[in-house]
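Student: Sharing query-v1.csv (CSV, C-alpha atoms (C1' of nucleotides)) below.
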```
chain,number,residue,atom,x,y,z
M,1,MET,CA,0.0,0.0,0.0
M,2,THR,CA,1.4,3.4,-1.0
M,3,LYS,CA,1.9,5.8,1.8
M,4,HIS,CA,0.4,9.2,1.2
M,5,LEU,CA,1.2,12.6,2.6
M,6,ILE,CA,-1.5,15.1,2.1
M,7,VAL,CA,0.0,18.6,2.3
M,8,ILE,CA,-2.1,21.6,2.9
M,9,LEU,CA,-0.6,24.8,1.7
M,10,GLY,CA,-1.7,28.4,1.5
M,11,PRO,CA,-1.1,31.9,2.9
M,12,THR,CA,-1.6,32.7,6.6
M,13,ALA,CA,-5.2,33.2,7.8
M,14,ILE,CA,-6.8,31.3,5.0
M,15,GLY,CA,-8.1,28.4,7.0
M,16,LYS,CA,-5.4,25.7,6.7
M,17,THR,CA,-5.8,24.5,10.3
M,18,LYS,CA,-9.6,24.0,10.0
M,19,LEU,CA,-9.2,22.1,6.8
M,20,SER,CA,-6.4,19.9,8.1
M,21,ILE,CA,-8.5,18.8,11.1
M,22,THR,CA,-11.5,18.0,8.8
M,23,LEU,CA,-9.2,15.8,6.7
M,24,ALA,CA,-7.5,14.2,9.7
M,25,GLN,CA,-10.8,13.2,11.1
M,26,HIS,CA,-12.1,11.9,7.8
M,27,PHE,CA,-9.0,9.8,7.1
M,28,ASN,CA,-8.5,8.9,10.8
M,29,THR,CA,-5.0,10.2,10.9
M,30,VAL,CA,-2.6,12.8,12.4
M,31,ILE,CA,-1.3,16.2,11.5
M,32,LEU,CA,2.2,17.4,11.2
M,33,SER,CA,2.6,21.2,11.4
M,34,CYS,CA,5.1,22.7,9.0
M,35,ASP,CA,5.2,26.2,10.3
M,36,SER,CA,8.5,27.8,11.4
M,37,ARG,CA,6.9,29.7,14.2
M,38,GLN,CA,4.4,27.3,15.7
M,39,PHE,CA,7.2,25.1,17.0
M,40,PHE,CA,7.8,27.4,19.9
M,41,LYS,CA,6.0,26.8,23.1
M,42,GLU,CA,6.6,30.3,24.4
M,43,MET,CA,4.5,31.8,21.6
M,44,THR,CA,0.8,31.1,21.3
M,45,ILE,CA,-1.4,34.0,20.3
M,46,GLY,CA,0.7,35.6,17.7
M,47,THR,CA,1.5,32.5,15.8
M,48,ALA,CA,-2.1,31.3,15.7
M,49,VAL,CA,-1.3,27.8,16.8
M,50,PRO,CA,-4.4,25.5,16.9
M,51,SER,CA,-6.5,26.0,20.0
M,52,LYS,CA,-6.8,23.4,22.7
M,53,GLU,CA,-10.1,22.3,21.3
M,54,GLU,CA,-8.6,21.9,17.9
M,55,LEU,CA,-5.7,20.0,19.2
M,56,LYS,CA,-8.2,17.6,20.8
M,57,GLN,CA,-9.9,17.0,17.5
M,58,ALA,CA,-6.8,15.5,15.9
M,59,GLU,CA,-3.3,14.5,17.0
M,60,HIS,CA,-0.8,17.1,16.1
M,61,TYR,CA,3.0,17.0,15.8
M,62,PHE,CA,5.5,19.9,15.8
M,63,ILE,CA,3.2,22.3,17.6
M,64,GLN,CA,4.9,24.1,20.4
M,65,ASN,CA,7.4,21.2,20.8
M,66,LYS,CA,10.5,23.5,20.9
M,67,THR,CA,11.7,26.4,23.0
M,68,ILE,CA,12.8,29.8,21.7
M,69,PHE,CA,16.0,29.4,23.7
M,70,GLU,CA,17.4,26.8,21.5
M,71,PRO,CA,18.2,27.4,17.9
M,72,TYR,CA,16.2,25.4,15.4
M,73,ASN,CA,16.3,25.4,11.6
M,74,VAL,CA,15.0,23.7,8.4
M,75,GLY,CA,17.7,21.1,8.4
M,76,GLN,CA,16.8,19.9,11.9
M,77,PHE,CA,13.1,20.0,11.0
M,78,GLU,CA,13.6,18.0,7.9
M,79,ARG,CA,15.3,15.2,9.9
M,80,ASP,CA,12.7,15.4,12.7
M,81,ALA,CA,9.8,15.3,10.3
M,82,LEU,CA,11.1,12.3,8.4
M,83,VAL,CA,11.6,10.4,11.6
M,84,GLN,CA,8.1,11.2,12.7
M,85,LEU,CA,6.6,10.3,9.4
M,86,ASP,CA,8.4,6.9,9.4
M,87,SER,CA,6.8,6.1,12.7
M,88,ILE,CA,3.4,7.4,11.7
M,89,PHE,CA,3.4,5.4,8.5
M,90,LYS,CA,4.0,2.2,10.5
M,91,THR,CA,0.4,2.3,11.5
M,92,LYS,CA,-1.2,4.7,9.0
M,93,ASP,CA,-1.4,4.9,5.2
M,94,ILE,CA,-2.1,8.6,5.2
M,95,ALA,CA,-0.7,11.5,7.1
M,96,ILE,CA,-1.4,15.2,6.8
M,97,MET,CA,1.0,18.0,6.8
M,98,VAL,CA,0.0,21.7,7.1
M,99,GLY,CA,2.5,24.2,6.0
M,100,GLY,CA,2.8,27.9,5.7
M,101,SER,CA,6.6,27.9,5.5
M,102,GLY,CA,7.6,27.2,1.9
M,103,LEU,CA,11.2,26.3,2.5
M,104,TYR,CA,10.2,23.9,5.3
M,105,VAL,CA,7.7,22.2,3.1
M,106,ASP,CA,10.2,21.8,0.3
M,107,ALA,CA,12.7,20.3,2.7
M,108,VAL,CA,10.3,17.6,3.8
M,109,LEU,CA,9.1,16.8,0.3
M,110,ASN,CA,12.3,17.1,-1.7
M,111,GLY,CA,15.1,17.2,0.8
M,112,LEU,CA,18.0,19.5,1.4
M,113,ASP,CA,21.6,18.8,0.5
M,114,TYR,CA,23.7,17.6,3.4
M,115,PHE,CA,25.6,20.2,5.2
M,116,PRO,CA,27.7,19.6,8.3
M,117,ASP,CA,26.8,21.3,11.6
M,118,LEU,CA,29.0,24.3,12.1
M,119,ASP,CA,30.3,26.3,15.0
M,120,PRO,CA,27.8,29.1,15.5
M,121,ALA,CA,30.7,31.4,16.3
M,122,ILE,CA,31.5,31.5,12.6
M,123,ARG,CA,28.2,33.1,11.8
M,124,THR,CA,28.5,35.5,14.7
M,125,GLN,CA,31.8,36.6,13.4
M,126,LEU,CA,30.5,37.1,9.9
M,127,ASN,CA,27.6,39.1,11.2
M,128,ASP,CA,30.1,41.3,13.0
M,129,THR,CA,32.2,41.7,9.8
M,130,LEU,CA,29.0,42.7,8.0
M,131,LYS,CA,28.2,45.3,10.6
M,132,ILE,CA,31.7,46.7,10.7
M,133,SER,CA,33.1,46.4,7.2
M,134,GLY,CA,29.9,46.0,5.2
M,135,LEU,CA,28.5,43.6,2.7
M,136,GLU,CA,31.1,44.2,0.0
M,137,THR,CA,33.9,42.8,2.2
M,138,LEU,CA,32.0,39.6,2.6
M,139,GLN,CA,31.2,39.5,-1.1
M,140,MET,CA,34.9,39.8,-1.9
M,141,GLN,CA,35.7,37.1,0.5
M,142,LEU,CA,33.2,34.8,-1.1
M,143,LYS,CA,34.5,35.6,-4.6
M,144,GLU,CA,37.8,34.4,-3.3
M,145,LEU,CA,36.7,31.2,-1.5
M,146,ASP,CA,33.9,30.1,-3.8
M,147,PRO,CA,33.6,31.8,-7.1
M,148,ILE,CA,30.8,29.5,-8.2
M,149,SER,CA,28.5,30.6,-5.4
M,150,TYR,CA,29.6,34.1,-5.9
M,151,GLN,CA,28.1,33.8,-9.4
M,152,ASN,CA,25.0,31.9,-8.4
M,153,ILE,CA,23.7,33.1,-5.2
M,154,GLU,CA,21.9,36.4,-4.6
M,155,ILE,CA,24.9,38.5,-3.8
M,156,GLU,CA,23.0,41.5,-2.5
M,157,ASN,CA,21.4,39.4,0.2
M,158,PRO,CA,23.6,39.4,3.4
M,159,HIS,CA,22.0,36.2,4.7
M,160,ARG,CA,22.9,34.3,1.6
M,161,VAL,CA,26.4,35.5,1.4
M,162,ILE,CA,27.0,34.7,5.1
M,163,ARG,CA,25.5,31.3,4.7
M,164,ALA,CA,27.8,30.5,1.8
M,165,LEU,CA,30.8,31.9,3.7
M,166,GLU,CA,30.1,30.1,6.9
M,167,ILE,CA,30.1,26.8,5.0
M,168,CYS,CA,33.3,27.6,3.2
M,169,LEU,CA,35.0,28.7,6.5
M,170,GLY,CA,33.6,26.0,8.6
M,171,THR,CA,34.3,23.0,6.3
M,172,GLY,CA,37.2,24.2,4.3
M,173,LYS,CA,35.2,23.3,1.2
M,174,SER,CA,33.1,25.5,-1.1
M,175,TYR,CA,29.5,26.0,-0.4
M,176,SER,CA,28.7,25.0,-4.0
M,177,SER,CA,30.4,21.7,-3.7
M,178,PHE,CA,27.8,20.5,-1.2
M,179,LYS,CA,24.9,21.3,-3.5
M,180,GLN,CA,25.1,18.3,-5.8
M,181,LYS,CA,23.0,15.7,-4.2
M,182,PRO,CA,20.4,14.0,-6.4
M,183,LYS,CA,16.8,14.5,-5.4
M,184,GLU,CA,15.7,12.6,-2.3
M,185,VAL,CA,13.4,9.7,-2.8
M,186,ARG,CA,10.8,9.7,-0.1
M,187,PRO,CA,8.9,6.7,1.2
M,188,PHE,CA,5.6,8.4,0.6
M,189,THR,CA,3.7,10.0,-2.2
M,190,PRO,CA,2.8,13.6,-1.6
M,191,LEU,CA,-0.6,15.2,-2.6
M,192,LEU,CA,-0.6,18.9,-2.5
M,193,ILE,CA,-3.7,20.9,-1.7
M,194,GLY,CA,-3.6,24.6,-1.9
M,195,LEU,CA,-6.1,27.1,-0.5
M,196,THR,CA,-6.6,30.5,-2.2
M,197,ALA,CA,-8.7,33.5,-1.9
M,198,PRO,CA,-9.0,36.8,-3.7
M,199,ARG,CA,-6.4,39.2,-2.4
M,200,GLU,CA,-8.9,41.5,-0.9
M,201,VAL,CA,-10.7,38.8,0.9
M,202,LEU,CA,-7.5,37.4,2.3
M,203,TYR,CA,-6.4,40.9,3.5
M,204,ASN,CA,-9.7,41.4,5.3
M,205,ARG,CA,-9.3,38.0,7.1
M,206,ILE,CA,-5.8,39.0,8.1
M,207,ASN,CA,-6.9,42.4,9.5
M,208,GLN,CA,-9.6,40.7,11.4
M,209,ARG,CA,-7.4,38.1,12.8
M,210,VAL,CA,-4.9,40.6,14.0
M,211,ASP,CA,-7.7,42.4,15.9
M,212,LEU,CA,-8.7,39.1,17.4
M,213,MET,CA,-5.1,38.4,18.5
M,214,ILE,CA,-5.0,41.7,20.3
M,215,GLN,CA,-8.3,41.0,22.0
M,216,ASP,CA,-6.9,37.6,23.1
M,217,GLY,CA,-4.0,39.2,24.8
M,218,LEU,CA,-1.2,39.4,22.3
M,219,VAL,CA,0.1,42.5,23.9
M,220,SER,CA,0.7,40.9,27.3
M,221,GLU,CA,2.2,37.8,25.6
M,222,ALA,CA,4.7,40.2,23.9
M,223,ARG,CA,5.4,42.0,27.2
M,224,GLU,CA,6.5,38.7,28.7
M,225,LEU,CA,8.7,37.9,25.8
M,226,HIS,CA,10.1,41.4,25.4
M,227,LYS,CA,13.3,40.6,27.3
M,228,TYR,CA,14.1,37.9,24.7
M,229,LYS,CA,13.4,40.1,21.8
M,230,ASP,CA,16.7,39.5,20.2
M,231,LEU,CA,16.2,35.8,19.9
M,232,ASN,CA,15.8,34.5,16.4
M,233,ALA,CA,12.5,32.9,17.1
M,234,LEU,CA,11.1,36.3,18.1
M,235,GLN,CA,11.9,37.9,14.8
M,236,THR,CA,8.3,37.2,14.1
M,237,VAL,CA,5.4,39.3,12.8
M,238,GLY,CA,3.2,40.3,15.6
M,239,TYR,CA,5.9,40.4,18.2
M,240,ARG,CA,8.5,42.6,16.7
M,241,GLU,CA,6.0,45.4,16.1
M,242,LEU,CA,4.8,45.2,19.7
M,243,PHE,CA,8.4,45.2,21.0
M,244,GLY,CA,8.9,48.5,19.3
M,245,HIS,CA,5.8,49.8,21.0
M,246,ILE,CA,6.9,48.5,24.4
M,247,ASP,CA,10.2,50.2,23.9
M,248,GLY,CA,8.2,53.4,23.4
M,249,ASP,CA,9.0,54.0,19.7
M,250,TYR,CA,5.3,54.4,18.8
M,251,ASN,CA,1.8,53.9,20.1
M,252,LEU,CA,-0.2,50.7,20.2
M,253,GLU,CA,-2.4,51.7,17.3
M,254,THR,CA,0.6,52.1,15.1
M,255,ALA,CA,1.9,48.8,16.2
M,256,ILE,CA,-1.3,47.1,15.3
M,257,GLU,CA,-1.4,48.7,11.9
M,258,GLU,CA,2.2,47.6,11.3
M,259,ILE,CA,1.3,44.0,12.3
M,260,LYS,CA,-1.5,44.0,9.8
M,261,LYS,CA,0.7,45.4,7.1
M,262,ASN,CA,3.5,43.0,7.7
M,263,THR,CA,1.2,40.1,7.8
M,264,ARG,CA,-0.3,41.1,4.5
M,265,ARG,CA,3.2,41.3,3.1
M,266,PHE,CA,4.1,37.9,4.5
M,267,ALA,CA,1.0,36.4,2.9
M,268,LYS,CA,2.0,38.0,-0.4
M,269,ARG,CA,5.4,36.3,-0.2
M,270,GLN,CA,3.9,33.0,0.7
M,271,GLY,CA,1.8,33.4,-2.4
M,272,THR,CA,4.9,34.0,-4.5
M,273,TRP,CA,6.5,30.9,-3.1
M,274,PHE,CA,3.6,28.6,-3.7
M,275,ARG,CA,2.6,29.9,-7.1
M,276,LYS,CA,5.6,28.5,-8.8
M,277,ASN,CA,4.9,25.0,-7.4
M,278,THR,CA,3.0,23.4,-10.3
M,279,SER,CA,2.0,20.3,-8.4
M,280,ILE,CA,-0.3,22.1,-6.1
M,281,ASN,CA,-4.0,21.4,-6.6
M,282,TRP,CA,-5.7,24.7,-5.8
M,283,PHE,CA,-9.1,25.1,-4.1
M,284,ASP,CA,-11.0,28.2,-3.2
M,285,PHE,CA,-11.0,28.7,0.6
M,286,ASP,CA,-14.7,29.2,0.5
M,287,ASN,CA,-15.5,26.1,-1.4
M,288,THR,CA,-13.7,23.2,0.2
M,289,GLU,CA,-16.3,20.5,-0.1
M,290,GLY,CA,-14.7,19.0,-3.1
M,291,ILE,CA,-11.4,18.4,-1.4
M,292,ILE,CA,-12.2,15.1,0.3
M,293,PRO,CA,-13.6,13.4,-2.8
M,294,PHE,CA,-10.7,14.8,-4.8
M,295,VAL,CA,-8.2,13.3,-2.3
M,296,GLU,CA,-9.9,10.0,-2.2
M,297,GLN,CA,-10.0,9.7,-5.9
M,298,LYS,CA,-6.3,10.6,-6.2
M,299,ILE,CA,-5.3,8.1,-3.5
M,300,ASN,CA,-7.3,5.3,-4.9
M,301,SER,CA,-6.0,5.8,-8.4
M,302,ASN,CA,-2.4,5.8,-7.0
M,303,ASP,CA,-3.1,2.5,-5.2
M,304,LEU,CA,-4.4,0.7,-8.3
Q,1,G,C1',-20.0,89.0,-5.4
Q,2,G,C1',-14.8,91.1,-3.9
Q,3,C,C1',-9.8,90.1,-2.1
Q,4,G,C1',-6.2,86.6,-0.9
Q,5,U,C1',-4.4,81.5,-0.7
Q,6,C,C1',-3.2,77.0,-2.5
Q,7,G,C1',-3.8,73.1,-6.4
Q,8,U,C1',2.7,67.8,-7.6
Q,9,G,C1',1.7,60.2,-9.2
Q,10,G,C1',-3.1,55.9,-4.6
Q,11,C,C1',-1.2,58.9,-0.1
Q,12,C,C1',2.5,62.1,2.1
Q,13,G,C1',6.1,65.5,0.4
Q,14,A,C1',10.6,68.5,-1.8
Q,15,G,C1',11.6,71.3,-5.9
Q,16,U,C1',10.9,77.3,-8.1
Q,17,G,C1',13.1,78.2,-15.8
Q,18,G,C1',16.8,73.1,-18.4
Q,19,C,C1',19.7,67.2,-15.3
Q,20,U,C1',13.6,60.7,-13.7
Q,21,A,C1',13.8,64.2,-5.3
Q,22,G,C1',12.5,61.1,-1.6
Q,23,G,C1',9.2,58.4,1.7
Q,24,C,C1',4.8,55.4,2.4
Q,25,U,C1',1.1,52.2,0.4
Q,26,G,C1',0.5,48.7,-3.5
Q,27,G,C1',2.1,45.2,-7.4
Q,28,G,C1',5.9,41.6,-9.4
Q,29,C,C1',9.9,38.4,-7.9
Q,30,U,C1',14.2,35.5,-5.5
Q,31,C,C1',14.9,31.5,-2.2
Q,32,U,C1',19.2,24.5,0.0
Q,33,G,C1',19.9,25.4,7.9
Q,34,C,C1',18.2,33.1,10.6
Q,35,A,C1',12.8,31.7,6.1
Q,36,A,C1',6.6,35.0,9.8
Q,37,A,C1',13.8,35.9,8.0
Q,38,A,C1',16.7,38.4,4.3
Q,39,G,C1',17.0,40.5,-0.4
Q,40,C,C1',15.8,42.3,-5.6
Q,41,U,C1',12.5,45.0,-8.7
Q,42,C,C1',8.3,48.0,-10.8
Q,43,C,C1',4.6,52.1,-10.5
Q,44,U,C1',8.1,59.2,-14.4
Q,45,A,C1',3.4,63.2,-11.5
Q,46,C,C1',3.1,68.3,-11.6
Q,47,A,C1',-5.6,70.9,-12.0
Q,48,G,C1',-7.2,72.6,-17.4
Q,49,C,C1',-6.4,75.8,-21.5
Q,50,G,C1',-3.5,79.5,-23.8
Q,51,G,C1',1.0,82.5,-23.8
Q,52,U,C1',6.4,84.0,-23.0
Q,53,U,C1',10.9,81.2,-23.9
Q,54,C,C1',15.7,77.4,-27.6
Q,55,G,C1',13.4,75.1,-23.1
Q,56,A,C1',8.0,75.7,-17.9
Q,57,A,C1',5.9,71.7,-12.6
Q,58,U,C1',8.7,76.3,-12.0
Q,59,C,C1',7.2,83.0,-15.3
Q,60,C,C1',2.4,85.5,-17.3
Q,61,G,C1',-3.0,85.3,-18.4
Q,62,C,C1',-7.7,83.0,-18.2
Q,63,U,C1',-10.8,78.9,-16.5
Q,64,C,C1',-12.0,75.4,-12.8
Q,65,G,C1',-11.4,73.7,-7.9
Q,66,U,C1',-9.6,74.4,-2.5
Q,67,C,C1',-9.3,76.9,1.8
Q,68,G,C1',-9.6,81.6,4.3
Q,69,C,C1',-11.2,86.6,5.0
Q,70,C,C1',-14.5,90.5,3.6
Q,71,U,C1',-19.5,92.2,2.0
```
Would you write out, as structure tokens, the structure that this file holds?

Tutor:
Amino acid sequence: MTKHLIVILGPTAIGKTKLSITLAQHFNTVILSCDSRQFFKEMTIGTAVPSKEELKQAEHYFIQNKTIFEPYNVGQFERDALVQLDSIFKTKDIAIMVGGSGLYVDAVLNGLDYFPDLDPAIRTQLNDTLKISGLETLQMQLKELDPISYQNIEIENPHRVIRALEICLGTGKSYSSFKQKPKEVRPFTPLLIGLTAPREVLYNRINQRVDLMIQDGLVSEARELHKYKDLNALQTVGYRELFGHIDGDYNLETAIEEIKKNTRRFAKRQGTWFRKNTSINWFDFDNTEGIIPFVEQKINSNDL
RNA sequence: GGCGUCGUGGCCGAGUGGCUAGGCUGGGCUCUGCAAAAGCUCCUACAGCGGUUCGAAUCCGCUCGUCGCCU
């Protein structure tokens, strides 16, 4: 029997959580979250993790299973997710993954190349160099150490340049030399379901949801986390803007408007990411009845 | 009705005879361990009409509109 991973994709606030629970119940299976901010147990309101009630309706993995105090990244998630899926597929033929984080979804579905773990001090130092000497210095260094990456990566993007450099410096080999692994073969067949909505409708949902988060106490959640505001996990829409307000940079109303704006932009970027993935089967968020029959039909035809 | 004021792209806003201000919003995009991150890119306007001038958003006139004051 083929193992199937139903992957639910779409921008934030479009209704992925609800759909995933419906599917999990129908197929009597479990849900893996693939959301780079819902891993953290210290954040609840601002990341819109499923509610207690929702968590009771289906078994969830990778929801608030990590702490903001320990670094976590795609590579680790890929490994964790594959281990979890292996164990799920021992007893189930179908699993569900819900994802808003494009890179993380791709990692599970297609795999990342292998990169060794590095001493985090290397990145710290590169970040210092960036701050003191500027991006150009790093670009020149990369040109020297790894001309191929210098040609191919987005050279104006400090994150990309630093990543390439940290691999070069930490391994003694070029970043490009690691990116040669053939595509991973996964022990499951993915079926991608995307949810869409007209831009205006989505933006209204986002604005409303932000207002709800504020009502639910996002401000006090942000206050408690304020002292950790430099942690990577807290570079998150909904928190950053409130940290600025708590620091006295602007009033609450402004912070809320900023959260809405940044969430809209985030949703737009998610759209860009998913749009180029041609294997997604798109459904209107408002008309999801057809999804279960569609999935059943696909799975059955695969199993024949 | 009279006098004055102002009229710049979706919004804000500089410019005051010759060289696409800038910011914000918005759109498009990139993506192999910071990804709700980070970065790239697009949107050439000067209320209208006429005049002066080699050349006008910038000067002059009229029209329309704005706001203010007066009657």

Student: Kindly provide, as a list in words, the residues of chain Q having any atom no farther than 9 Å from an atom of chain M, counting only C-alpha atoms (C1' of nucleotides).

Tutor: C29, U30, C31, U32, G33, C34, A35, A36, A37, A38, G39 and C40 of chain Q

Student: Give me the residues within 9 Å of Leu9 in chain M as a list in words, counting all atoms listed in the file and dropping any in the same chain fewer than 2 places off.

Tutor: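 So the residues in contact are Val7, Pro11, Lys16, Met97, Val98, Gly99, Gly100, Ser101, Gly102, Val105, Leu192, Ile193, Gly194, Leu195, Phe274 and Ile280 of chain M.
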
Student: Export C-alpha atoms of the chosen residues as a PDB file, in the coordinates of the input?

Tutor:
```pdb
ATOM      1  CA  VAL M   7       0.000  18.600   2.300  1.00  0.00           C
ATOM      2  CA  PRO M  11      -1.100  31.900   2.900  1.00  0.00           C
ATOM      3  CA  LYS M  16      -5.400  25.700   6.700  1.00  0.00           C
ATOM      4  CA  MET M  97       1.000  18.000   6.800  1.00  0.00           C
ATOM      5  CA  VAL M  98       0.000  21.700   7.100  1.00  0.00           C
ATOM      6  CA  GLY M  99       2.500  24.200   6.000  1.00  0.00           C
ATOM      7  CA  GLY M 100       2.800  27.900   5.700  1.00  0.00           C
ATOM      8  CA  SER M 101       6.600  27.900   5.500  1.00  0.00           C
ATOM      9  CA  GLY M 102       7.600  27.200   1.900  1.00  0.00           C
ATOM     10  CA  VAL M 105       7.700  22.200   3.100  1.00  0.00           C
ATOM     11  CA  LEU M 192      -0.600  18.900  -2.500  1.00  0.00           C
ATOM     12  CA  ILE M 193      -3.700  20.900  -1.700  1.00  0.00           C
ATOM     13  CA  GLY M 194      -3.600  24.600  -1.900  1.00  0.00           C
ATOM     14  CA  LEU M 195      -6.100  27.100  -0.500  1.00  0.00           C
ATOM     15  CA  PHE M 274       3.600  28.600  -3.700  1.00  0.00           C
ATOM     16  CA  ILE M 280      -0.300  22.100  -6.100  1.00  0.00           C
TER      17      ILE M 280
END
```

Student: So what do you get for CA of Thr29 in chain M versus CA of Ala95 in chain M, distance-wise?

Tutor: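 If I compute the distance from CA of Thr29 in chain M to CA of Ala95 in chain M, I get 5.9 Å.
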
Student: Give the answer as one residue: which of M:Asp93, M:Asp211, M:Glu253, M:Asp80 has the shortest atom-to-atom distance to Phe62 in chain M, using only C-alpha atoms?

Tutor: M:Asp80

Student: Nearest residue to Leu85 in chain M out of M:Gly172, M:Pro187, M:Pro147, M:Gly10, using only C-alpha atoms?

Tutor: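 Comparing M:Gly172, M:Pro187, M:Pro147, M:Gly10 against Leu85 in chain M, the winner is M:Pro187.
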
Student: Considering all atoms listed in the file, state which residue in the set M:Ala197, M:Cys34, M:Leu145, M:Leu126 is at the smallest distance from Lys173 in chain M.

Tutor: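 Answer, going by the shortest atom-to-atom distance: M:Leu145.
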
Student: When you count all atoms listed in the file, which of these residues is closest to Lys143 in chain M: M:Leu202, M:Ala164, M:Ile94, M:Val49?

Tutor: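 Ranked by minimum distance to Lys143 in chain M, first place goes to M:Ala164.
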
Student: When distances are computed from all atoms listed in the file, which of M:Glu144, M:Asp286, M:Glu258, M:Glu166 shows the smallest separation from Glu241 in chain M?

Tutor: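 Checking each of M:Glu144, M:Asp286, M:Glu258, M:Glu166 against Glu241 in chain M, counting all atoms listed in the file, the winner is M:Glu258.
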
Student: Determine the nearest neighbour of U66 in chain Q from the options Q:G26, Q:G7, Q:U52, Q:G2, counting all atoms listed in the file.

Tutor: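 Checking each candidate against U66 in chain Q, we get Q:G7 as the closest.
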